[in-house]
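Colleague: What follows is a structure written as structure tokens; I'll ask about it next.
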Amino acid sequence: LDDQQGVRYTNSAHTELLGVDASQCEEGMEEWFRKVSPDPESCSEIVASWHEHIWRNQLTRTYVLSSTSHGLRHIEFRSSLSSDGHMILIQNDVTDNLASDEALRQASLKFRTVFANAAGGIVLVNHESVIQEVNHAFIEFSGLTASQLVGVSFTSLLHPDDAALL
């Protein structure tokens with residue numbers, strides 16, 4: 001981008017990202033944002049953020065934008081200034097990454113709920129059978145406190161014959 005936010009160059013990956021080439025926008029990035037924003041209200045917010053965070057401060061931001069063929073996408077913008085005063089803008093589609101992160105967060109929440117509320121005792125151990133975490137039911141069952149259990153070898157709590165089988 002030049003010092004007036006005019007597009008100096010785009011590569012094919014840029015156009016493939018959302019199906020709209022910013023180099024074809026005579027008014028620069030603001031026109032491009034109008035074409036790829038999901039609606040006028042979000043466009044105003046995106047353009048305001050663009051000016052403040054990316055153009056003025058070269059921060060990284062992610063916006064929800066509309067692709068001509070793939071629906072709404074989360075596009076991350078990273079910018080830096082080149083030695084000649086132009087801005088280099090890198091765009092990445094992070095939609096799948098964000099979806100994976102959210103799925104992992106949801107799975108973790110489900111696990112934590114089951115772990116905390118299970119009627120049976122649950123013990124989490126590392127690959128060396130050292131206890132990392134125990135739930136309340138196991139604490140009640142063992143008669144020990146969590147601080148007495150965490151860091152102890154799980155097999156040390158078992159009868160030697162049971163530990164050998166395990």
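Letters for chains follow the order of the structure tokens (A, B, ...), residue numbers begin at 1 for each chain, and ligand numbers begin at 1 in the order shown.
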Mind the document's chain letters and residue numbers, and return as a ChimeraX atom specification the residues of range 90-135 of chain A that DSSP labels alpha helix (DSSP H).

Modeller: /A:95-117

Colleague: List the neighbours of range 78-95 of chain A out to 10 Å using only C-alpha atoms; skip same-chain residues closer than 5 positions along the sequence, and give me the result as a PyMOL selection string.

Modeller: chain A and resi 1-10+13-14+17-18+53-55+57-65+72-73+100-101

Colleague: Given the choices A:Pro38, A:Asn135, A:Arg105, A:Asp21, which gets closest to Leu149 in chain A if the distance is worked out from only C-alpha atoms?

Modeller: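 So, comparing all the options, the nearest one is A:Asn135.
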
Colleague: I'd like to know which residues of chain A are strand (DSSP E or B) (by DSSP, run on the backbone); could you write them as a ChimeraX atom specification?

Modeller: /A:61-67,71-81,87-93,123-125,130-134,153

Colleague: CA of Asn11 in chain A and CA of Asp39 in chain A, how far apart in Å?

Modeller: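 Between CA of Asp39 in chain A and CA of Asn11 in chain A the gap is 25.8 Å.
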
Colleague: Excluding same-chain residues fewer than 4 positions from Val123 in chain A, what lies within 7 Å of it counting only C-alpha atoms, as a PyMOL selection string?

Modeller: chain A and resi 131+133-135

Colleague: Can those selected residues be exported to a file as a PDB file, in the first residue's frame so that it contains C-alpha atoms?

Modeller:
```pdb
ATOM      1  CA  ILE A 131      -0.633 -38.223  39.850  1.00  0.00           C
ATOM      2  CA  GLU A 133      -4.829 -34.241  39.361  1.00  0.00           C
ATOM      3  CA  VAL A 134      -7.643 -35.977  41.231  1.00  0.00           C
ATOM      4  CA  ASN A 135     -11.342 -35.299  41.406  1.00  0.00           C
TER       5      ASN A 135
END
```

Colleague: Can you tell me which residues surround Phe33 in chain A at a distance of at most 10 Å, considering only C-alpha atoms, apart from same-chain residues fewer than 3 positions away, and format the answer as a compact mmCIF listing (two decimals) with N, CA, C and O atoms, in the first residue's frame?

Modeller:
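Written output follows (selection.txt):
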```txt
# COMPACT_ATOMS: atom_id res chain seq x y z
N VAL A 20 -12.10 -11.04 -4.19
CA VAL A 20 -12.12 -9.63 -4.58
C VAL A 20 -10.68 -9.12 -4.54
O VAL A 20 -10.02 -9.20 -3.51
N ALA A 22 -8.07 -6.27 -4.30
CA ALA A 22 -7.98 -4.88 -3.84
C ALA A 22 -7.31 -3.98 -4.87
O ALA A 22 -7.57 -2.77 -4.88
N CYS A 25 -9.67 -1.87 -6.82
CA CYS A 25 -10.46 -0.88 -6.09
C CYS A 25 -9.77 0.47 -6.16
O CYS A 25 -8.73 0.69 -5.53
N GLY A 28 -8.95 2.28 -2.96
CA GLY A 28 -8.06 1.61 -2.02
C GLY A 28 -8.75 0.65 -1.08
O GLY A 28 -9.79 0.06 -1.40
N MET A 29 -8.19 0.52 0.11
CA MET A 29 -8.65 -0.49 1.07
C MET A 29 -10.07 -0.25 1.57
O MET A 29 -10.80 -1.20 1.82
N GLU A 30 -10.46 0.99 1.71
CA GLU A 30 -11.83 1.25 2.18
C GLU A 30 -12.85 0.69 1.20
O GLU A 30 -13.84 0.10 1.61
N VAL A 36 -16.14 -6.54 0.79
CA VAL A 36 -16.00 -7.83 1.48
C VAL A 36 -16.60 -7.85 2.87
O VAL A 36 -16.63 -8.91 3.51
N SER A 37 -17.12 -6.73 3.35
CA SER A 37 -17.75 -6.71 4.67
C SER A 37 -19.13 -7.34 4.60
O SER A 37 -19.85 -7.16 3.61
N PRO A 38 -19.51 -8.06 5.64
CA PRO A 38 -20.81 -8.74 5.62
C PRO A 38 -22.00 -7.78 5.56
O PRO A 38 -23.03 -8.12 5.01
N PRO A 40 -23.17 -3.17 6.10
CA PRO A 40 -22.66 -1.79 6.24
C PRO A 40 -22.22 -1.44 7.67
O PRO A 40 -21.24 -0.73 7.85
N SER A 42 -21.02 -3.47 10.10
CA SER A 42 -19.72 -4.07 10.41
C SER A 42 -18.63 -3.43 9.56
O SER A 42 -17.49 -3.31 10.01
N CYS A 43 -18.96 -3.00 8.36
CA CYS A 43 -17.97 -2.33 7.51
C CYS A 43 -17.44 -1.08 8.19
O CYS A 43 -16.23 -0.85 8.22
N SER A 44 -18.31 -0.29 8.76
CA SER A 44 -17.88 0.93 9.45
C SER A 44 -16.95 0.60 10.61
O SER A 44 -15.93 1.27 10.81
N ILE A 46 -15.12 -2.15 10.95
CA ILE A 46 -13.88 -2.71 10.41
C ILE A 46 -12.97 -1.61 9.89
O ILE A 46 -11.78 -1.58 10.17
N VAL A 47 -13.54 -0.67 9.14
CA VAL A 47 -12.74 0.42 8.58
C VAL A 47 -12.15 1.28 9.70
O VAL A 47 -10.97 1.66 9.65
N TRP A 50 -9.43 -0.74 11.15
CA TRP A 50 -8.34 -0.78 10.17
C TRP A 50 -7.46 0.47 10.30
O TRP A 50 -6.25 0.37 10.40
N LEU A 65 -15.01 -11.39 7.37
CA LEU A 65 -15.29 -10.83 6.05
C LEU A 65 -16.00 -11.86 5.20
O LEU A 65 -15.96 -13.06 5.49
N SER A 66 -16.63 -11.39 4.13
CA SER A 66 -17.44 -12.26 3.29
C SER A 66 -16.69 -12.64 2.02
O SER A 66 -16.26 -11.79 1.26
```

Colleague: I'd like to know which of A:Gly19, A:Glu41, A:Val130, A:Ala48 is closest to Ser156 in chain A, using only C-alpha atoms.

Modeller: A:Val130
